[in-house]
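Printed here is upload-v5.pdb (PDB, C-alpha atoms):
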ATOM      1  CA  MET A 673      -1.221  71.224 132.543
ATOM      2  CA  ASN A 674      -2.403  68.691 135.101
ATOM      3  CA  GLU A 675      -0.972  68.099 138.556
ATOM      4  CA  ALA A 676       0.915  64.974 137.462
ATOM      5  CA  ASN A 677       2.877  66.904 134.879
ATOM      6  CA  LEU A 678       3.522  69.823 137.186
ATOM      7  CA  THR A 679       5.087  67.700 139.878
ATOM      8  CA  GLY A 680       7.295  65.751 137.482
ATOM      9  CA  ASN A 681      10.819  66.662 136.423
ATOM     10  CA  LEU A 682       9.634  68.532 133.343
ATOM     11  CA  TRP A 683      11.126  71.874 134.239
ATOM     12  CA  SER A 684      13.723  74.200 132.830
ATOM     13  CA  VAL A 685      15.416  76.725 135.082
ATOM     14  CA  ARG A 686      17.076  79.677 133.400
ATOM     15  CA  ARG A 687      17.835  83.355 133.695
ATOM     16  CA  ALA A 688      14.914  85.674 133.073
ATOM     17  CA  VAL A 689      14.767  87.532 129.758
ATOM     18  CA  VAL A 690      12.819  90.616 128.773
ATOM     19  CA  ASP A 691      10.022  88.523 127.258
ATOM     20  CA  ASP A 692       9.385  87.096 130.742
ATOM     21  CA  LEU A 693       8.425  90.459 132.217
ATOM     22  CA  PRO A 694       4.629  90.070 131.891
ATOM     23  CA  ALA A 695       4.715  86.610 133.508
ATOM     24  CA  LEU A 696       7.151  87.810 136.166
ATOM     25  CA  ALA A 697       4.864  90.730 136.970
ATOM     26  CA  GLU A 698       2.025  88.267 137.593
ATOM     27  CA  LEU A 699       4.226  86.206 139.903
ATOM     28  CA  TRP A 700       5.336  89.312 141.787
ATOM     29  CA  ARG A 701       1.788  90.549 142.244
ATOM     30  CA  ALA A 702       0.617  87.109 143.427
ATOM     31  CA  ALA A 703       3.461  87.086 145.972
ATOM     32  CA  GLN A 704       2.595  90.674 146.965
ATOM     33  CA  LEU A 705       6.008  91.904 145.851
ATOM     34  CA  PRO A 706       6.583  95.434 144.463
ATOM     35  CA  ALA A 707       6.736  94.565 140.765
ATOM     36  CA  VAL A 708       7.520  98.131 139.720
ATOM     37  CA  ASN A 709      10.756  97.984 141.742
ATOM     38  CA  PHE A 710      11.917  94.754 140.104
ATOM     39  CA  GLU A 711      11.361  95.451 136.420
ATOM     40  CA  LYS A 712      14.723  97.182 135.956
ATOM     41  CA  ASN A 713      16.479  94.291 137.750
ATOM     42  CA  PHE A 714      14.624  91.418 136.110
ATOM     43  CA  THR A 715      17.902  89.777 135.026
ATOM     44  CA  ASP A 716      18.601  89.088 138.728
ATOM     45  CA  PHE A 717      15.864  86.442 138.548
ATOM     46  CA  GLN A 718      16.199  82.764 137.763
ATOM     47  CA  VAL A 719      12.882  81.347 136.627
ATOM     48  CA  ALA A 720      11.334  77.868 136.563
ATOM     49  CA  GLU A 721       9.440  77.284 133.348
ATOM     50  CA  GLY A 722       7.088  74.342 132.895
ATOM     51  CA  THR A 723       6.460  72.353 129.750
ATOM     52  CA  ASP A 724       3.336  74.494 129.343
ATOM     53  CA  GLY A 725       5.613  77.454 128.630
ATOM     54  CA  LYS A 726       4.492  79.259 131.765
ATOM     55  CA  LEU A 727       6.652  80.556 134.607
ATOM     56  CA  HIS A 728       5.767  78.876 137.878
ATOM     57  CA  GLY A 729       8.491  80.286 140.095
ATOM     58  CA  ALA A 730      11.245  82.876 140.285
ATOM     59  CA  ILE A 731      13.946  83.795 142.789
ATOM     60  CA  ALA A 732      16.469  86.634 142.419
ATOM     61  CA  MET A 733      20.082  87.124 143.385
ATOM     62  CA  GLN A 734      21.779  90.500 143.626
ATOM     63  CA  ILE A 735      25.573  90.513 143.401
ATOM     64  CA  ALA A 736      27.774  93.017 145.206
ATOM     65  CA  GLY A 737      31.515  92.382 145.246
ATOM     66  CA  GLY A 738      32.149  88.901 146.605
ATOM     67  CA  SER A 739      28.645  88.508 148.031
ATOM     68  CA  GLY A 740      25.220  87.621 146.725
ATOM     69  CA  ARG A 741      21.749  88.325 148.103
ATOM     70  CA  ILE A 742      18.878  85.881 147.560
ATOM     71  CA  TYR A 743      15.619  87.817 147.505
ATOM     72  CA  SER A 744      12.013  88.011 146.294
ATOM     73  CA  GLU A 745      10.989  84.385 146.044
ATOM     74  CA  ALA A 746       7.778  84.127 144.036
ATOM     75  CA  ILE A 747       6.092  80.757 143.442
ATOM     76  CA  ALA A 748       2.698  80.661 141.791
ATOM     77  CA  ASP A 749       1.424  77.477 143.431
ATOM     78  CA  PHE A 750       2.538  76.968 147.033
ATOM     79  CA  SER A 751       2.178  73.195 146.621
ATOM     80  CA  LEU A 752       5.080  73.345 144.152
ATOM     81  CA  ALA A 753       7.413  75.225 146.488
ATOM     82  CA  ASP A 754       9.252  72.107 147.679
ATOM     83  CA  THR A 755       9.808  71.100 144.050
ATOM     84  CA  LEU A 756      10.853  74.454 142.621
ATOM     85  CA  ARG A 757      12.975  75.927 145.418
ATOM     86  CA  PRO A 758      15.763  73.311 145.232
ATOM     87  CA  MET A 759      15.876  73.567 141.445
ATOM     88  CA  ILE A 760      16.089  77.347 141.378
ATOM     89  CA  TRP A 761      18.552  77.352 144.286
ATOM     90  CA  ALA A 762      20.829  74.920 142.422
ATOM     91  CA  ARG A 763      20.850  77.339 139.492
ATOM     92  CA  LEU A 764      21.498  80.343 141.757
ATOM     93  CA  ARG A 765      24.339  78.544 143.497
ATOM     94  CA  SER A 766      25.913  77.724 140.146
ATOM     95  CA  VAL A 767      25.686  81.397 139.158
ATOM     96  CA  ALA A 768      27.246  82.394 142.491
ATOM     97  CA  GLN A 769      30.146  80.001 141.997
ATOM     98  CA  ASN A 770      30.674  81.176 138.410
ATOM     99  CA  HIS A 771      31.007  84.726 139.765
ATOM    100  CA  GLY A 772      33.467  83.576 142.425
ATOM    101  CA  LEU A 773      31.221  84.679 145.283
ATOM    102  CA  ILE A 774      32.407  84.035 148.821
ATOM    103  CA  ARG A 775      29.116  84.414 150.698
ATOM    104  CA  VAL A 776      25.419  84.465 149.944
ATOM    105  CA  TRP A 777      22.955  86.297 152.185
ATOM    106  CA  THR A 778      19.171  86.167 152.461
ATOM    107  CA  LEU A 779      16.169  87.379 154.398
ATOM    108  CA  GLU A 780      13.961  84.606 153.004
ATOM    109  CA  THR A 781      12.075  82.887 155.811
ATOM    110  CA  ALA A 782      11.045  79.529 154.321
ATOM    111  CA  PRO A 783      12.526  76.620 156.351
ATOM    112  CA  PHE A 784      14.209  75.353 153.161
ATOM    113  CA  TRP A 785      16.914  78.022 153.316
ATOM    114  CA  LYS A 786      18.127  76.878 156.731
ATOM    115  CA  LYS A 787      17.353  73.180 156.643
ATOM    116  CA  ASP A 788      18.235  72.289 153.049
ATOM    117  CA  ALA A 789      20.304  75.131 151.616
ATOM    118  CA  GLY A 790      22.469  75.481 154.740
ATOM    119  CA  PHE A 791      21.971  79.152 155.558
ATOM    120  CA  ALA A 792      22.592  80.181 159.162
ATOM    121  CA  ALA A 793      23.143  83.243 161.315
ATOM    122  CA  PRO A 794      26.410  84.883 160.219
ATOM    123  CA  PRO A 795      29.401  84.889 162.587
ATOM    124  CA  ALA A 796      30.793  88.194 163.789
ATOM    125  CA  GLU A 797      33.693  88.290 161.302
ATOM    126  CA  ALA A 798      31.288  87.796 158.384
ATOM    127  CA  ARG A 799      28.893  90.469 159.643
ATOM    128  CA  GLU A 800      31.719  92.971 159.335
ATOM    129  CA  LYS A 801      31.833  92.266 155.587
ATOM    130  CA  PHE A 802      28.106  92.637 154.933
ATOM    131  CA  PRO A 803      27.693  94.716 151.743
ATOM    132  CA  GLU A 804      26.027  98.104 152.196
ATOM    133  CA  ALA A 805      24.287  97.552 148.847
ATOM    134  CA  PHE A 806      22.088  94.929 150.553
ATOM    135  CA  GLY A 807      20.632  97.415 153.034
ATOM    136  CA  SER A 808      20.794  97.280 156.813
ATOM    137  CA  LEU A 809      22.269  94.312 158.630
ATOM    138  CA  THR A 810      19.486  93.201 160.960
ATOM    139  CA  PRO A 811      19.416  90.045 163.122
ATOM    140  CA  ASP A 812      17.116  88.383 160.562
ATOM    141  CA  TRP A 813      19.843  87.983 157.937
ATOM    142  CA  LEU A 814      21.087  84.480 157.155
ATOM    143  CA  MET A 815      24.340  83.654 155.394
ATOM    144  CA  LEU A 816      25.931  80.754 153.549
ATOM    145  CA  LYS A 817      29.690  80.642 153.038
ATOM    146  CA  LEU A 818      30.567  79.197 149.636
ATOM    147  CA  ARG A 819      34.354  79.206 149.845
ATOM    148  CA  ASP A 820      37.309  80.557 151.791
ATOM    149  CA  GLU A 821      38.486  84.029 150.994
ATOM    150  CA  MET A 822      41.641  84.403 148.938
ATOM    151  CA  ALA A 823      44.594  86.193 150.455
ATOM    152  CA  ASP A 824      44.219  89.935 150.463
ATOM    153  CA  VAL A 825      45.307  91.334 147.091
ATOM    154  CA  ASP A 826      47.052  94.321 148.653
ATOM    155  CA  SER A 827      48.997  92.001 150.916
ATOM    156  CA  ILE A 828      50.120  89.913 147.947
ATOM    157  CA  GLU A 829      51.226  93.029 146.086
ATOM    158  CA  ARG A 830      53.196  94.217 149.110
ATOM    159  CA  GLN A 831      54.895  90.845 149.422
ATOM    160  CA  PHE A 832      55.744  90.851 145.720
ATOM    161  CA  ALA A 833      57.200  94.368 145.954
ATOM    162  CA  ALA A 834      59.313  93.313 148.934
ATOM    163  CA  PHE A 835      60.504  90.254 147.003
ATOM    164  CA  LYS A 836      61.515  92.405 144.026
ATOM    165  CA  GLU A 837      63.404  94.801 146.322
ATOM    166  CA  THR A 838      65.235  91.884 147.948
ATOM    167  CA  GLU A 839      66.222  90.490 144.563
ATOM    168  CA  ARG A 840      67.428  93.917 143.405
ATOM    169  CA  ALA A 841      69.584  94.264 146.522
ATOM    170  CA  LYS A 842      71.049  90.788 145.899
ATOM    171  CA  ARG A 843      71.943  91.721 142.317
ATOM    172  CA  GLU A 844      73.615  94.937 143.454
ATOM    173  CA  ARG A 845      75.654  93.044 146.052
ATOM    174  CA  LEU A 846      76.739  90.517 143.441
ATOM    175  CA  LEU A 847      77.677  93.258 141.006
ATOM    176  CA  GLY A 848      79.572  94.995 143.785
ATOM    177  CA  GLN A 849      81.538  91.800 144.378
ATOM    178  CA  VAL A 850      82.191  91.264 140.679
ATOM    179  CA  LYS A 851      83.677  94.719 140.035
ATOM    180  CA  PRO A 852      86.714  94.283 142.383
ATOM    181  CA  LEU A 853      87.336  90.852 140.875
ATOM    182  CA  LYS A 854      87.331  92.414 137.416
ATOM    183  CA  TRP A 855      89.968  94.954 138.497
ATOM    184  CA  ILE A 856      92.081  92.262 140.104
ATOM    185  CA  ALA A 857      91.904  90.153 136.957
ATOM    186  CA  LEU A 858      92.791  93.203 134.840
ATOM    187  CA  GLY A 859      95.744  93.982 137.125
ATOM    188  CA  LEU A 860      97.039  90.419 136.862
ATOM    189  CA  ALA A 861      96.703  90.533 133.091
ATOM    190  CA  MET A 862      98.631  93.812 132.950
ATOM    191  CA  ALA A 863     101.344  92.403 135.231
ATOM    192  CA  ILE A 864     101.667  89.313 133.067
ATOM    193  CA  PHE A 865     101.830  91.530 129.980
ATOM    194  CA  VAL A 866     104.556  93.723 131.504
ATOM    195  CA  ILE A 867     106.565  90.680 132.601
ATOM    196  CA  ALA A 868     106.254  89.228 129.135
ATOM    197  CA  VAL A 869     107.380  92.465 127.492
ATOM    198  CA  VAL A 870     110.335  92.785 129.873
ATOM    199  CA  GLY A 871     111.252  89.188 129.188
ATOM    200  CA  LEU A 872     111.134  89.784 125.426
ATOM    201  CA  VAL A 873     113.326  92.901 125.759
ATOM    202  CA  MET A 874     115.864  91.114 127.905
ATOM    203  CA  ALA A 875     115.944  88.182 125.529
ATOM    204  CA  ALA A 876     116.494  90.568 122.604
ATOM    205  CA  LYS A 877     119.356  92.300 124.427
ATOM    206  CA  THR A 878     120.923  88.935 125.238
ATOM    207  CA  ARG A 879     120.800  87.877 121.590
ATOM    208  CA  SER A 880     122.234  91.234 120.426
ATOM    209  CA  GLY A 881     125.139  90.886 122.941
ATOM    210  CA  HIS A 882     126.288  87.735 121.205
TER
END

Show me the file's structure as structure tokens.
Amino acid sequence: MNEANLTGNLWSVRRAVVDDLPALAELWRAAQLPAVNFEKNFTDFQVAEGTDGKLHGAIAMQIAGGSGRIYSEAIADFSLADTLRPMIWARLRSVAQNHGLIRVWTLETAPFWKKDAGFAAPPAEAREKFPEAFGSLTPDWLMLKLRDEMADVDSIERQFAAFKETERAKRERLLGQVKPLKWIALGLAMAIFVIAVVGLVMAAKTRSGH
């Protein structure tokens, strides 16, 4: 494939599959990355495939809880880096959003990640939530916040439990108010019944006296 074709928009970016392993291994070796460590995690990689059927770039993302880690960028031809990085990053960001990730972290040093992708040094409150699965939190880490965190699930559950308890107490109070009313109504009904019976008896006696 000539340079004109390579620098055009004739690319497909997709998740790596097992058949990509030989080509990925070549990319990893060219980038001086430990290929043997990546083979079992090859599905972390999004790859840029040219119309020649070859892989020209790959970048991985590890997911841990609500965070992702961008790692192990490998681009075969450095002159294509400015073309392939944005394309692969767009795919990685879409994957991150589909997984509902809150933050994405990276140790990648290319200027693209700060200037174009928006990564920056993490604030103190974010550093406290750095996943242990990503290793040690050194000053070199960059972070991109994708969305605001949802309310704490435990807090929501506690609020719901308190709401249910409040509603139960309201029902018990209402039932407690209804019971005396039921007895009062029953007493009135009995009184009316007794008065009616007495009236009938007195009327009968009056008729029999005539």

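If you measure from each of A:Leu764, A:Leu696, A:Leu816, A:Val776 to A:Pro803 using all atoms listed in the file, the closest one turns out to be A:Val776.
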
Edge lengths and centre in Å to one decimal, as lines of an AutoDock Vina configuration file, of the axis-aligned box that encloses all listed atoms of stretch 727-736 of chain A with 3 Å added on every side?
center_x = 16.8
center_y = 85.9
center_z = 139.9
size_x = 28.0
size_y = 20.1
size_z = 16.6

Atom CA of A:Asp812 to atom CA of A:Ala782, straight-line distance in Å:
12.4 Å

For the structure shown, which residues end up in the PyMOL selection byres ((chain A and resi 789-796) around 8)? Put them as a PyMOL selection string, please?
chain A and resi 761+777+784-788+797-800+811-816

For the selection just defined, write its residues with C-alpha atoms to a file, as a short mmCIF file (atom, residue, chain, number, x, y, z; two decimals), in the coordinates of the input.
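See result-v5.cif below for the written result:
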data_model
loop_
_atom_site.label_atom_id
_atom_site.label_comp_id
_atom_site.auth_asym_id
_atom_site.auth_seq_id
_atom_site.Cartn_x
_atom_site.Cartn_y
_atom_site.Cartn_z
CA TRP A 761 18.55 77.35 144.29
CA TRP A 777 22.96 86.30 152.18
CA PHE A 784 14.21 75.35 153.16
CA TRP A 785 16.91 78.02 153.32
CA LYS A 786 18.13 76.88 156.73
CA LYS A 787 17.35 73.18 156.64
CA ASP A 788 18.24 72.29 153.05
CA GLU A 797 33.69 88.29 161.30
CA ALA A 798 31.29 87.80 158.38
CA ARG A 799 28.89 90.47 159.64
CA GLU A 800 31.72 92.97 159.34
CA PRO A 811 19.42 90.04 163.12
CA ASP A 812 17.12 88.38 160.56
CA TRP A 813 19.84 87.98 157.94
CA LEU A 814 21.09 84.48 157.16
CA MET A 815 24.34 83.65 155.39
CA LEU A 816 25.93 80.75 153.55
#

Once the PyMOL selection byres ((chain A and resi 723) around 7) has been evaluated on this model, what residues remain selected, and can you format them as number ranges by chain?
A: 682-683, 721-722, 724-725

Neighbourhood query: residues within 12 Å of (37.8, 81.8, 151.4), file coordinates, counting all atoms listed in the file; return as an mmCIF file with C-alpha atoms, in the coordinates of the input.
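The file below, out.cif, is the result:
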data_model
loop_
_atom_site.group_PDB
_atom_site.id
_atom_site.type_symbol
_atom_site.label_atom_id
_atom_site.label_comp_id
_atom_site.auth_asym_id
_atom_site.auth_seq_id
_atom_site.Cartn_x
_atom_site.Cartn_y
_atom_site.Cartn_z
ATOM 1 C CA GLY A 738 32.149 88.901 146.605
ATOM 2 C CA SER A 739 28.645 88.508 148.031
ATOM 3 C CA GLY A 772 33.467 83.576 142.425
ATOM 4 C CA LEU A 773 31.221 84.679 145.283
ATOM 5 C CA ILE A 774 32.407 84.035 148.821
ATOM 6 C CA ARG A 775 29.116 84.414 150.698
ATOM 7 C CA ALA A 798 31.288 87.796 158.384
ATOM 8 C CA LYS A 817 29.690 80.642 153.038
ATOM 9 C CA LEU A 818 30.567 79.197 149.636
ATOM 10 C CA ARG A 819 34.354 79.206 149.845
ATOM 11 C CA ASP A 820 37.309 80.557 151.791
ATOM 12 C CA GLU A 821 38.486 84.029 150.994
ATOM 13 C CA MET A 822 41.641 84.403 148.938
ATOM 14 C CA ALA A 823 44.594 86.193 150.455
ATOM 15 C CA ASP A 824 44.219 89.935 150.463
#

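In this comparison, which uses all atoms listed in the file, the residue of A:Leu699, A:Leu705, A:Leu779, A:Leu752 approaching A:Met733 most closely is A:Leu779.
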
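If you look at atom CA of A:Ala730 and atom CA of A:Trp700, they are 8.9 Å away from each other.
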
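The shortest atom-to-atom distance to A:His728, with all atoms listed in the file taken into account, belongs to A:Ile747 out of A:Ala703, A:Ala805, A:Ile747, A:Ile742.
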
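Between atom CA of A:Arg757 and atom CA of A:Val719 the interatomic distance comes to 10.3 Å.
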
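For A:Ala732, the non-local neighbours within 7 Å, defined as residues at least 6 positions apart in the same chain or in other chains and counting all atoms listed in the file, are Asp716, Phe717, Gln718, Ile742, Tyr743, Ser744 and Glu745 of chain A.
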
Under the rule that all atoms listed in the file are counted, which of A:Ala868, A:Arg840, A:Gly859, A:Phe802 is the nearest residue to A:Ala736?
A:Phe802

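Distances from A:Arg741, A:Arg686, A:Lys726, A:Lys712 to A:Ile760 were compared using all atoms listed in the file, and the smallest one belongs to A:Arg686.
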
Do you know which residues are at most 9 Å from A:Met759 counting all atoms listed in the file, after dropping those on the same chain fewer than 6 positions away, and could you put them as an mmCIF file with C-alpha atoms, in the coordinates of the input?
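For reference, result_6.cif as written:
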data_model
loop_
_atom_site.group_PDB
_atom_site.id
_atom_site.type_symbol
_atom_site.label_atom_id
_atom_site.label_comp_id
_atom_site.auth_asym_id
_atom_site.auth_seq_id
_atom_site.Cartn_x
_atom_site.Cartn_y
_atom_site.Cartn_z
ATOM 1 C CA TRP A 683 11.126 71.874 134.239
ATOM 2 C CA SER A 684 13.723 74.200 132.830
ATOM 3 C CA VAL A 685 15.416 76.725 135.082
ATOM 4 C CA ALA A 720 11.334 77.868 136.563
#

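Nearest to A:Glu804 of all the residues A:Ala753, A:Gln704, A:Glu698, A:Ile735 is A:Ile735, counting only C-alpha atoms.
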